[in-house]
$ cat start_9.txt   # compact mmCIF, C-alpha atoms and all ligand atoms
# COMPACT_ATOMS: atom_id res chain seq x y z
CA MET A 27 65.89 71.78 49.25
CA GLN A 28 62.37 72.96 49.81
CA GLN A 29 61.12 70.07 47.68
CA ILE A 30 63.06 67.61 49.84
CA ALA A 31 61.54 69.13 52.97
CA VAL A 32 58.04 68.79 51.54
CA GLU A 33 58.67 65.17 50.55
CA ALA A 34 60.11 64.39 53.97
CA SER A 35 57.14 65.91 55.77
CA GLU A 36 54.72 64.09 53.48
CA ALA A 37 56.52 60.82 54.09
CA ALA A 38 56.12 61.45 57.79
CA GLY A 39 52.47 62.28 57.26
CA ILE A 40 53.02 65.87 58.39
CA GLY A 41 51.17 68.45 56.40
CA ALA A 42 50.23 65.88 53.76
CA ARG A 43 46.65 66.48 52.67
CA ARG A 44 44.89 63.15 53.12
CA PRO A 45 41.52 62.83 51.40
CA PRO A 46 38.67 62.11 53.81
CA LEU A 47 37.78 58.47 54.31
CA ARG A 48 35.25 57.12 51.89
CA VAL A 49 33.30 54.06 53.08
CA VAL A 50 31.29 52.33 50.37
CA ALA A 51 29.07 49.33 51.13
CA VAL A 52 28.22 47.34 48.00
CA ALA A 53 24.81 45.69 48.33
CA SER A 54 22.07 44.38 46.06
CA GLY A 55 19.16 42.47 47.53
CA LYS A 56 19.30 39.79 44.83
CA GLY A 57 22.25 37.41 44.76
CA GLY A 58 24.63 36.91 41.89
CA VAL A 59 24.23 40.35 40.34
CA GLY A 60 27.96 41.12 40.62
CA LYS A 61 28.55 42.70 44.06
CA THR A 62 31.84 40.91 44.66
CA ASN A 63 33.13 41.68 41.18
CA VAL A 64 32.06 45.32 41.52
CA SER A 65 33.75 45.56 44.95
CA ALA A 66 36.97 43.92 43.80
CA ASN A 67 37.29 45.86 40.57
CA LEU A 68 36.42 49.20 42.16
CA ALA A 69 39.08 48.45 44.77
CA VAL A 70 41.63 47.85 41.99
CA ALA A 71 40.55 51.02 40.18
CA PHE A 72 40.84 53.12 43.36
CA GLY A 73 44.19 51.51 44.12
CA ARG A 74 45.45 52.49 40.67
CA GLN A 75 44.39 56.06 41.39
CA GLY A 76 46.96 55.97 44.18
CA ARG A 77 44.45 55.69 47.00
CA ARG A 78 44.94 53.50 50.03
CA VAL A 79 42.21 50.93 49.69
CA TRP A 80 40.90 48.33 52.08
CA LEU A 81 38.44 45.73 50.95
CA LEU A 82 36.40 44.10 53.69
CA ASP A 83 34.65 40.84 52.86
CA ALA A 84 31.41 41.27 54.79
CA ASP A 85 29.76 38.24 53.18
CA LEU A 86 30.81 36.61 56.39
CA GLY A 87 29.42 33.11 55.92
CA LEU A 88 29.99 32.69 52.16
CA ALA A 89 33.12 34.72 51.60
CA ASN A 90 34.26 35.14 47.99
CA VAL A 91 36.69 38.04 47.87
CA ASP A 92 39.77 35.92 48.58
CA VAL A 93 38.74 33.47 45.83
CA LEU A 94 38.39 36.28 43.33
CA PHE A 95 41.90 37.50 44.13
CA GLY A 96 43.39 33.99 44.00
CA LEU A 97 44.35 34.21 47.66
CA SER A 98 44.32 31.38 50.17
CA PRO A 99 44.45 33.28 53.43
CA ARG A 100 45.62 31.24 56.37
CA LEU A 101 43.49 33.30 58.74
CA ASN A 102 40.25 35.22 58.40
CA LEU A 103 37.72 37.21 60.39
CA LEU A 104 36.62 34.07 62.21
CA ASP A 105 40.07 33.87 63.81
CA VAL A 106 39.65 37.45 64.99
CA LEU A 107 36.18 36.90 66.35
CA ARG A 108 36.61 33.41 67.79
CA ALA A 109 40.31 32.71 68.21
CA ASP A 110 41.55 36.01 69.56
CA ARG A 111 43.83 36.76 66.62
CA ALA A 112 44.70 40.35 65.78
CA LEU A 113 43.16 41.77 62.63
CA ALA A 114 46.67 42.75 61.52
CA ASP A 115 47.48 39.01 61.27
CA VAL A 116 44.47 38.46 59.04
CA VAL A 117 44.85 41.30 56.51
CA VAL A 118 46.41 40.20 53.23
CA ASP A 119 47.94 42.26 50.44
CA GLY A 120 46.21 42.26 47.06
CA PRO A 121 47.18 43.87 43.74
CA ALA A 122 47.38 47.65 43.26
CA GLY A 123 48.23 48.10 46.94
CA ILE A 124 44.83 46.87 48.13
CA ARG A 125 44.61 45.42 51.64
CA ILE A 126 42.04 42.67 51.96
CA ILE A 127 40.24 41.51 55.10
CA PRO A 128 39.02 37.99 54.27
CA ALA A 129 35.96 36.37 55.82
CA ALA A 130 35.22 32.71 56.49
CA ARG A 131 33.29 30.23 54.35
CA GLY A 132 30.67 27.81 55.59
CA VAL A 133 30.44 29.32 59.05
CA GLU A 134 26.81 29.76 59.86
CA GLU A 135 27.39 31.50 63.17
CA LEU A 136 28.89 34.50 61.36
CA THR A 137 25.82 35.07 59.23
CA ALA A 138 24.36 37.20 62.03
CA LEU A 139 27.01 39.05 64.04
CA ASP A 140 26.06 39.74 67.62
CA ALA A 141 26.87 42.88 69.58
CA ALA A 142 30.01 41.35 71.11
CA ASP A 143 31.36 40.54 67.63
CA ARG A 144 30.72 44.12 66.56
CA VAL A 145 32.63 45.48 69.54
CA ARG A 146 35.50 43.11 68.82
CA LEU A 147 35.62 44.19 65.18
CA LEU A 148 35.65 47.83 66.20
CA ALA A 149 38.52 47.36 68.60
CA GLU A 150 40.58 45.54 66.00
CA ILE A 151 39.90 47.93 63.15
CA ASP A 152 40.63 50.90 65.38
CA GLY A 153 44.17 49.72 65.90
CA LEU A 154 45.08 49.08 62.28
CA GLU A 155 47.59 51.26 60.47
CA PRO A 156 47.74 52.93 58.06
CA GLU A 157 44.19 54.18 57.77
CA PRO A 158 42.69 53.81 54.31
CA ASP A 159 41.38 56.51 51.99
CA VAL A 160 38.71 54.13 50.75
CA LEU A 161 37.07 51.22 52.57
CA ILE A 162 34.95 49.02 50.30
CA VAL A 163 32.60 46.59 52.01
CA ASP A 164 31.35 43.64 49.94
CA THR A 165 28.09 42.46 51.50
CA ALA A 166 26.01 39.31 51.17
CA ALA A 167 22.85 38.90 49.13
CA GLY A 168 19.48 39.33 50.80
CA ILE A 169 18.37 41.58 53.65
CA SER A 170 19.92 39.73 56.59
CA SER A 171 20.96 41.56 59.74
CA ASN A 172 24.62 41.63 58.62
CA VAL A 173 23.75 43.22 55.28
CA LEU A 174 21.59 45.86 56.95
CA PHE A 175 24.22 46.43 59.63
CA PHE A 176 27.11 47.08 57.23
CA THR A 177 25.08 48.95 54.64
CA ALA A 178 23.37 51.16 57.19
CA ALA A 179 26.71 52.06 58.75
CA ALA A 180 28.62 52.91 55.59
CA ALA A 181 28.49 56.50 54.42
CA ASP A 182 27.81 55.46 50.83
CA ALA A 183 25.52 52.59 49.87
CA LEU A 184 26.21 51.42 46.32
CA ILE A 185 23.31 49.28 45.15
CA VAL A 186 24.19 46.93 42.31
CA VAL A 187 21.40 45.83 39.99
CA THR A 188 21.12 44.09 36.66
CA PRO A 189 18.40 45.09 34.20
CA GLU A 190 16.33 42.03 35.21
CA PRO A 191 13.02 42.86 36.92
CA THR A 192 13.84 40.51 39.84
CA ALA A 193 17.10 42.36 40.52
CA LEU A 194 15.23 45.66 40.48
CA THR A 195 12.45 44.50 42.82
CA ASP A 196 14.98 43.00 45.27
CA ALA A 197 17.07 46.18 45.21
CA TYR A 198 13.91 48.14 45.93
CA ALA A 199 13.08 45.85 48.86
CA LEU A 200 16.56 46.40 50.35
CA MET A 201 16.32 50.16 49.86
CA LYS A 202 12.90 50.15 51.50
CA VAL A 203 14.22 48.48 54.67
CA LEU A 204 17.27 50.74 54.79
CA ALA A 205 15.12 53.82 54.36
CA ALA A 206 12.34 52.79 56.74
CA ARG A 207 14.39 51.16 59.48
CA HIS A 208 17.74 52.92 59.23
CA GLY A 209 16.77 56.33 57.90
CA ARG A 210 18.97 56.18 54.79
CA ARG A 211 17.92 58.93 52.42
CA GLU A 212 20.46 58.54 49.64
CA PHE A 213 21.48 55.62 47.46
CA LEU A 214 24.05 55.21 44.73
CA VAL A 215 23.23 52.76 41.96
CA ALA A 216 25.33 50.92 39.38
CA VAL A 217 23.82 48.68 36.71
CA ASN A 218 25.81 45.54 35.95
CA MET A 219 25.59 43.05 33.07
CA ALA A 220 23.68 45.48 30.88
CA ALA A 221 23.29 44.89 27.14
CA GLY A 222 24.15 48.51 26.44
CA PHE A 223 23.83 52.13 27.50
CA ALA A 224 20.08 52.36 26.87
CA ASP A 225 19.35 49.06 28.65
CA ALA A 226 21.27 50.27 31.73
CA GLU A 227 19.70 53.72 31.76
CA ALA A 228 16.21 52.28 31.44
CA ALA A 229 16.83 49.90 34.37
CA PHE A 230 18.18 52.72 36.51
CA ALA A 231 15.24 54.96 35.59
CA ARG A 232 12.72 52.27 36.59
CA LEU A 233 14.34 51.79 39.98
CA ALA A 234 14.87 55.49 40.64
CA ARG A 235 11.30 56.37 39.74
CA VAL A 236 9.68 54.00 42.23
CA ALA A 237 12.28 54.62 44.97
CA GLU A 238 11.96 58.39 44.72
CA ARG A 239 8.19 58.26 44.55
CA PHE A 240 7.40 55.69 47.26
CA LEU A 241 10.44 55.86 49.56
CA ARG A 242 11.16 59.56 49.10
CA VAL A 243 14.89 58.90 48.81
CA ARG A 244 17.51 60.35 46.48
CA VAL A 245 18.94 57.87 43.99
CA GLU A 246 22.12 58.74 42.12
CA TYR A 247 23.37 56.88 39.06
CA GLN A 248 27.04 55.91 39.16
CA GLY A 249 27.23 54.22 35.78
CA TRP A 250 26.94 50.79 34.17
CA VAL A 251 29.02 47.77 33.32
CA PRO A 252 28.31 45.79 30.16
CA TYR A 253 27.84 42.05 30.14
CA ASP A 254 31.38 41.02 29.20
CA ASP A 255 32.76 37.49 28.81
CA ALA A 256 36.07 38.77 30.14
CA VAL A 257 34.50 38.87 33.64
CA PRO A 258 33.67 35.14 34.04
CA ARG A 259 36.97 34.33 32.28
CA ALA A 260 38.83 36.39 34.87
CA VAL A 261 36.82 34.85 37.73
CA ARG A 262 37.80 31.37 36.51
CA ALA A 263 41.43 32.53 36.54
CA ARG A 264 40.82 33.82 40.09
CA ARG A 265 41.65 37.41 39.21
CA PRO A 266 39.55 40.56 39.07
CA VAL A 267 38.89 41.46 35.44
CA ALA A 268 40.58 44.85 35.96
CA ILE A 269 43.82 42.91 36.51
CA ALA A 270 43.30 40.05 34.04
CA SER A 271 41.95 42.16 31.14
CA PRO A 272 42.48 45.82 31.98
CA HIS A 273 41.29 47.00 28.56
CA SER A 274 38.12 44.92 28.39
CA PRO A 275 34.83 46.85 28.22
CA ALA A 276 33.94 45.83 31.79
CA SER A 277 37.32 47.00 33.14
CA VAL A 278 36.98 50.35 31.40
CA ALA A 279 33.51 50.69 32.91
CA PHE A 280 34.77 49.89 36.43
CA THR A 281 37.44 52.59 36.06
CA GLN A 282 34.78 55.09 35.03
CA ILE A 283 32.54 54.21 37.99
CA ALA A 284 35.51 54.59 40.36
CA GLN A 285 36.26 57.99 38.86
CA ARG A 286 32.67 59.11 39.26
CA LEU A 287 32.34 57.70 42.77
CA GLY A 288 35.72 59.13 43.75
CA SER A 289 34.86 62.60 42.56
CA ARG A 290 31.74 62.84 44.74
CA PRO A 291 32.20 64.47 48.11
CA PRO A 292 32.23 61.61 50.64
CA ALA A 293 29.09 61.43 52.71
CA THR A 294 31.20 61.72 55.90
CA PRO A 295 33.46 64.75 55.49
CA THR A 296 35.43 63.99 58.65
CA GLY A 297 36.39 60.99 60.69
CA GLY A 298 38.18 57.79 59.90
CA VAL A 299 37.78 54.10 60.27
CA GLN A 300 36.94 54.61 63.89
CA PHE A 301 34.06 56.83 62.93
CA PHE A 302 32.71 54.22 60.58
CA PHE A 303 32.81 51.50 63.17
CA ARG A 304 31.39 53.72 65.88
CA GLN A 305 28.46 54.12 63.54
CA LEU A 306 28.21 50.36 63.36
CA LEU A 307 27.82 50.35 67.09
CA GLY A 308 25.33 53.14 67.04
CA GLU A 309 27.62 55.44 69.03
CA ALA A 310 27.72 58.23 66.50
CA PRO A 311 24.75 59.90 64.84
CA ARG A 312 24.47 59.67 61.05
N1 LIG A 401 29.73 42.49 33.90
C1 LIG A 401 29.66 41.16 33.90
N2 LIG A 401 29.65 40.47 32.74
C2 LIG A 401 29.56 39.11 32.72
N3 LIG A 401 29.50 38.35 33.83
C3 LIG A 401 29.51 38.98 35.02
C4 LIG A 401 29.60 40.40 35.13
N4 LIG A 401 29.60 40.73 36.44
C5 LIG A 401 29.52 39.56 37.12
N5 LIG A 401 29.47 38.52 36.27
C6 LIG A 401 29.38 37.09 36.64
O1 LIG A 401 28.30 36.93 37.50
C7 LIG A 401 28.58 36.00 38.53
C8 LIG A 401 28.21 36.57 39.88
O2 LIG A 401 29.10 37.63 40.19
P1 LIG A 401 29.46 38.00 41.71
O3 LIG A 401 29.95 36.80 42.41
O4 LIG A 401 30.30 39.19 41.67
O5 LIG A 401 27.98 38.35 42.22
P2 LIG A 401 27.53 38.63 43.73
O6 LIG A 401 26.42 39.62 43.65
O7 LIG A 401 28.70 38.98 44.57
O8 LIG A 401 26.98 37.20 44.15
P3 LIG A 401 26.53 36.75 45.66
O9 LIG A 401 25.18 37.37 45.86
O10 LIG A 401 26.50 35.27 45.56
O11 LIG A 401 27.56 37.29 46.60
C9 LIG A 401 30.04 35.65 38.39
O12 LIG A 401 30.15 34.34 37.94
C10 LIG A 401 30.61 36.62 37.39
O13 LIG A 401 31.51 36.00 36.53
MG MG A 402 29.40 38.15 46.40

$ encode --input "start_9.txt" --output "structure tokens"
Amino acid sequence: MQQIAVEASEAAGIGARRPPLRVVAVASGKGGVGKTNVSANLAVAFGRQGRRVWLLDADLGLANVDVLFGLSPRLNLLDVLRADRALADVVVDGPAGIRIIPAARGVEELTALDAADRVRLLAEIDGLEPEPDVLIVDTAAGISSNVLFFTAAAADALIVVTPEPTALTDAYALMKVLAARHGRREFLVAVNMAAGFADAEAAFARLARVAERFLRVRVEYQGWVPYDDAVPRAVRARRPVAIASPHSPASVAFTQIAQRLGSRPPATPTGGVQFFFRQLLGEAPR
């Protein structure tokens, strides 16, 4: 009887202990290092942990998330921002319970959101139910205003690098702007397409050393993903590797990164989606 009462109250959201919202922006500086694959596969891994996950495609002009999930959304963020559609009409369901907010492709005007677009996004996101436990934001390459905007606003910035020197220097450049212009003091780092454990650790150590020394920021390692042929194979099949080959080395690595990331206390202990988007608008202090 008591058990039934507990289940009923949890179903109604009464007394159920919801974990605080975790907002993770995935960024890199250099293009093609695996941001979209990291975002998609972390979303799947968090979804499998039973969390409510939203995945926002914030690569607004060159969206890829829908392609990776084999979706052909009828509507996207452009319809919200330009055609007055509700965000609820745009959200699509992905695997593992993920809810995906697709962006538009080939739309140059979205590559730099203006203040009115930001307000519109806030209003739409505010009204969406149910609120997620985890919001993953896949950003574009480079250090454009959109990338800085989303990455500065998210509580956690997950910087993806590969062991290549160019990926490391571009990640450093992004971290420098975020630290200098947006006051970010903490970065999470994952190394993708590494040849092995030592290769990944060495790449992380190189980046962390210069960032800590010259930017005076804290850099925290979240793990590494091996170069794995299962990833491009899955991309060609338009599925995240965690779905297409759940036991592949890359999929196992994504699960481990999600576990590590998920076990950290979120950088914003309170608040919800609204809080995140108020930060985007600069209405709430970091
Ligand atoms: N661990 C991996 N092993 C092998 N190939 C990978 C791995 N991760 C990503 N790739 C490949 O690298 C390519 C780029 O990946 P992805 O699109 O995720 O990068 P991105 O950083 O989002 O790129 P962009 O900057 O264009 O948004 C893809 O073709 C993908 O198949
Ligand atoms: Mg991408």

$ residues_around --input "start_9.txt" --residues "Pro189 of chain A" --least-positions-apart "4" --cutoff "12 Å" --atoms "only C-alpha atoms" --output "PyMOL selection string"
chain A and resi 56+59+193-197+215-233+250-253

$ closest_residue --input "start_9.txt" --among "A:Pro275, A:Gly209, A:Pro121, A:Pro156" --to "ligand LIG 401 (chain A)" --atoms "all atoms listed in the file"
A:Pro275

$ closest_atom_pairs --input "start_9.txt" --of "chain A" --to "ligand MG 402 (chain A)" --cutoff "12 Å" --atoms "only C-alpha atoms and all ligand atoms" --output "CSV"
residue,atom,partner,partner_atom,distance
A:Val52,CA,A:MG402,MG,9.4
A:Ala53,CA,A:MG402,MG,9.0
A:Ser54,CA,A:MG402,MG,9.6
A:Gly55,CA,A:MG402,MG,11.2
A:Lys56,CA,A:MG402,MG,10.4
A:Gly57,CA,A:MG402,MG,7.4
A:Gly58,CA,A:MG402,MG,6.7
A:Val59,CA,A:MG402,MG,8.3
A:Gly60,CA,A:MG402,MG,6.7
A:Lys61,CA,A:MG402,MG,5.2
A:Thr62,CA,A:MG402,MG,4.1
A:Asn63,CA,A:MG402,MG,7.3
A:Val64,CA,A:MG402,MG,9.1
A:Ser65,CA,A:MG402,MG,8.7
A:Ala66,CA,A:MG402,MG,9.9
A:Leu82,CA,A:MG402,MG,11.7
A:Asp83,CA,A:MG402,MG,8.7
A:Ala84,CA,A:MG402,MG,9.2
A:Asp85,CA,A:MG402,MG,6.8
A:Leu86,CA,A:MG402,MG,10.2
A:Gly87,CA,A:MG402,MG,10.8
A:Leu88,CA,A:MG402,MG,8.0
A:Ala89,CA,A:MG402,MG,7.3
A:Asn90,CA,A:MG402,MG,5.9
A:Val91,CA,A:MG402,MG,7.4
A:Asp92,CA,A:MG402,MG,10.8
A:Val93,CA,A:MG402,MG,10.5
A:Leu94,CA,A:MG402,MG,9.7
A:Ala129,CA,A:MG402,MG,11.6
A:Arg131,CA,A:MG402,MG,11.9
A:Val163,CA,A:MG402,MG,10.6
A:Asp164,CA,A:MG402,MG,6.8
A:Thr165,CA,A:MG402,MG,6.8
A:Ala166,CA,A:MG402,MG,6.0
A:Ala167,CA,A:MG402,MG,7.1
A:Gly168,CA,A:MG402,MG,10.9
A:Val173,CA,A:MG402,MG,11.7
A:Val186,CA,A:MG402,MG,11.0
A:Val261,CA,A:MG402,MG,11.9

$ residues_around --input "start_9.txt" --residues "Leu68 of chain A" --least-positions-apart "6" --cutoff "9 Å" --atoms "only C-alpha atoms" --output "NGL selection string"
:A and (162 or 268 or 280-281 or 283-284)

$ residues_around --input "start_9.txt" --residues "Phe213 of chain A" --least-positions-apart "6" --cutoff "8 Å" --atoms "only C-alpha atoms" --output "PDB file with C-alpha atoms, in the frame of the given file"
ATOM      1  CA  ASP A 182      27.810  55.460  50.830  1.00  0.00           C
ATOM      2  CA  ALA A 183      25.520  52.590  49.870  1.00  0.00           C
ATOM      3  CA  LEU A 184      26.210  51.420  46.320  1.00  0.00           C
ATOM      4  CA  ILE A 185      23.310  49.280  45.150  1.00  0.00           C
ATOM      5  CA  MET A 201      16.320  50.160  49.860  1.00  0.00           C
ATOM      6  CA  VAL A 243      14.890  58.900  48.810  1.00  0.00           C
ATOM      7  CA  ARG A 244      17.510  60.350  46.480  1.00  0.00           C
ATOM      8  CA  VAL A 245      18.940  57.870  43.990  1.00  0.00           C
ATOM      9  CA  GLU A 246      22.120  58.740  42.120  1.00  0.00           C
TER      10      GLU A 246
END

$ closest_residue --input "start_9.txt" --among "A:Ala71, A:Leu103, A:Val79, A:Val116" --to "Val267 of chain A" --atoms "only C-alpha atoms"
A:Ala71

$ residues_around --input "start_9.txt" --residues "Ala180 of chain A" --least-positions-apart "3" --cutoff "6 Å" --atoms "all atoms listed in the file" --output "PyMOL selection string"
chain A and resi 49-51+177

$ atom_distance --input "start_9.txt" --atom1 "atom CA of Asp254 of chain A" --atom2 "atom O12 of ligand LIG 401 (chain A)"
11.1 Å

$ closest_residue --input "start_9.txt" --among "A:Arg262, A:Arg77, A:Arg242, A:Arg290" --to "ligand LIG 401 (chain A)" --atoms "all atoms listed in the file"
A:Arg262

$ atom_distance --input "start_9.txt" --atom1 "atom CA of Arg259 of chain A" --atom2 "atom O13 of ligand LIG 401 (chain A)"
7.1 Å

$ atom_distance --input "start_9.txt" --atom1 "atom CA of Pro128 of chain A" --atom2 "atom CA of Glu157 of chain A"
17.4 Å
